[in-house]
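Encoded as structure tokens, the structure appears first; notes follow it.
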Amino acid sequence: MAATVTTRPLTRPSADIPRRRRRMYRVTQWLLAVVAILIAIGMLLPIVWLALTAFKPEADIVTYPPTLWPREFTLDHFVDVWQRIPFARLYVNTIVFAGGVTVISLLLDSMAAYALARIPFRGRGVVMVLILLLLMLPFQVTLIPLYDMLNGMGLTNTLPGMIIPRMTNAFGIFFLTQFFLSLPRDLEEAARVDGASEWRIYRQVILPLAKPALLTLGLFHFQYNWNDLLWPLVMSSKVESSTLPAGLALFMGQHVVEYGLLMAGSLLALLPVVVFFLLIQRSFVAGIATTGLK
């Protein structure tokens with residue numbers, strides 16, 4: 001008898017599986033996009049509310065229930081904020097304070113970071129530990145002794161008195177040190193072979209390579225000092241020598257808060273920081289990525 005051999009057809013993988021995976025991938029991408037948009041709207045809502053409230057009449061601001069879109073647009077708050085306080089003088093003071101601290105701090109922080117990252121010397125590890133300890137020390141701990149020292153030197157109610165204590169920053173030194181450690185040493189070794197000094201290597205080799213990190217740190221310094229309220233408020237007892245945040249705080253009384261003037265002044269104070277960030281946003285992202293800070 002001849003044996004009959006039965007053969008089963010080979011089972012091929014279903015063609016629907018890759019199609020299902022692509023469909024699930026698309027659905028996941030859409031869900032992530034929707035979640036990201038909702039988070040962005042939630043983060044931008046206070047800024048949108050601030051901008052629209054600056055154009056509302058005072059009666060429209062305090063009405064209940066509150067509305068996002070103004071029933072009537074007005075520019076009275078922008079006119080009043082220039083008349084109630086020396087807004088132009090405060091604007092100039094804030095630019096000088098935040099800009100001066102940013103420029104000087106970038107120079108001193110980068111020099112200290114270059115020494116810690118590239119120049120071997122005894123006690124370098126101890127210095128790094130001290131810098132990390134300063135990062136953990138709250139600013140309020142040294143506020144009163146620092147004020148007493150500056151007051152004894154006659155630097156209160158002056159812009160140099162506000163700028164000098166901020167001329168260097170532990171976070172800036174640590175930030176740039178991490179960036180300099182990630183740079184290859186080939187270029188500076190080649191420069192040393194050619195007879196370049198440490199100052200020339202720092203100025204012509206390291207600083208051009210550190211442009212993304214410098215711009216990123218510059219944004220941090222500028223934004224922090226531009227928005228700082230406590231330090232200018234402590235150092236300035238006169239409105240003329242103060243900065244914008246301290247000047248706008250005058251509209252927040254114990255019983256009455258003038259929201260329209262606060263929103264109009266805050267909107268005008270927000271513009272330089274936004275413009276600065278838009279100009280350096282690419283370098284900002286590159287600086288965060290290369291330093292490894294999250």
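All residue names refer to the structure tokens as shown: chains lettered A, B, ... in order, residues numbered from 1 in each chain, ligands numbered from 1 in order.
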
key: Shell around stretch 64-76 of chain A at 7 Å using only C-alpha atoms, local window under 2 positions removed, as a VMD selection string   = chain A and resid 49 52 55 to 57 62 78 to 80

task = Write out as a PyMOL selection string all residues of stretch 110-263 of chain A that backbone DSSP assigns to helix (DSSP H, G or I).
result = chain A and resi 110-118+124-136+139-141+143-152+159-166+170-182+186-193+198-209+211-227+230-235+239-241+244-251+259-263

message = Could you tell me how far atom CA of A:His221 sits from atom CA of A:Val101, in Å to one decimal place?
response =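 We find that atom CA of A:Val101 and atom CA of A:His221 lie 7.4 Å from each other.
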
Could you produce a table of the residues of stretch 47-116 of chain A lying within 9 Å of stretch 191-209 of chain A, with the nearest pair of atoms per residue and their separation in Å rounded to one decimal, using only C-alpha atoms, ordered by chain and increasing residue number, as a tab-separated table?
residue	atom	partner	partner_atom	distance
A:Ser110	CA	A:Leu207	CA	8.2
A:Met111	CA	A:Tyr202	CA	7.9
A:Tyr114	CA	A:Tyr202	CA	7.2

Hey, can you spit out that residue selection with N, CA and C atoms as a PDB file, in the first residue's frame?
ATOM      1  N   SER A 110      33.293  82.252  33.378  1.00  0.00           N
ATOM      2  CA  SER A 110      34.015  81.488  32.362  1.00  0.00           C
ATOM      3  C   SER A 110      35.501  81.381  32.697  1.00  0.00           C
ATOM      4  N   MET A 111      36.082  82.427  33.258  1.00  0.00           N
ATOM      5  CA  MET A 111      37.490  82.359  33.646  1.00  0.00           C
ATOM      6  C   MET A 111      37.702  81.348  34.775  1.00  0.00           C
ATOM      7  N   TYR A 114      37.215  77.830  33.349  1.00  0.00           N
ATOM      8  CA  TYR A 114      38.360  77.389  32.543  1.00  0.00           C
ATOM      9  C   TYR A 114      39.492  76.898  33.436  1.00  0.00           C
TER      10      TYR A 114
END

Contacts of stretch 86-88 of chain A within 12 Å, only C-alpha atoms, excl. fewer than 4 positions in-chain, as a ChimeraX atom specification = /A:78-82,92-95,238-248,250,261,264-266,268-269

request  = Can you work out which one of A:Phe276, A:Trp226, A:Tyr147, A:Tyr259 has the shortest atom-to-atom distance to A:Val96, counting only C-alpha atoms?
outcome  =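 Of A:Phe276, A:Trp226, A:Tyr147, A:Tyr259, the one nearest A:Val96 is A:Trp226, counting only C-alpha atoms.
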
Set out as CSV a contact list for stretch 177-235 of chain A and stretch 152-159 of chain A with a cut-off of 12 Å, giving each residue of stretch 177-235 of chain A that qualifies its closest atom pair and distance in Å to one decimal, counting only C-alpha atoms, ordered by chain and rising residue number.
residue,atom,partner,partner_atom,distance
A:Trp231,CA,A:Thr156,CA,11.1
A:Pro232,CA,A:Asn157,CA,8.8
A:Leu233,CA,A:Asn157,CA,9.7
A:Val234,CA,A:Thr156,CA,8.8
A:Met235,CA,A:Thr156,CA,5.4

message = To one decimal place in Å, what is the distance between atom CA of A:Asn227 and atom CA of A:Arg89?
response =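 Calculated distance between atom CA of A:Asn227 and atom CA of A:Arg89 is 16.2 Å.
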
ask   = Hey, can you check how far atom CA of A:Met252 sits from atom CA of A:Thr53?
value =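 These atoms are spaced 16.0 Å apart.
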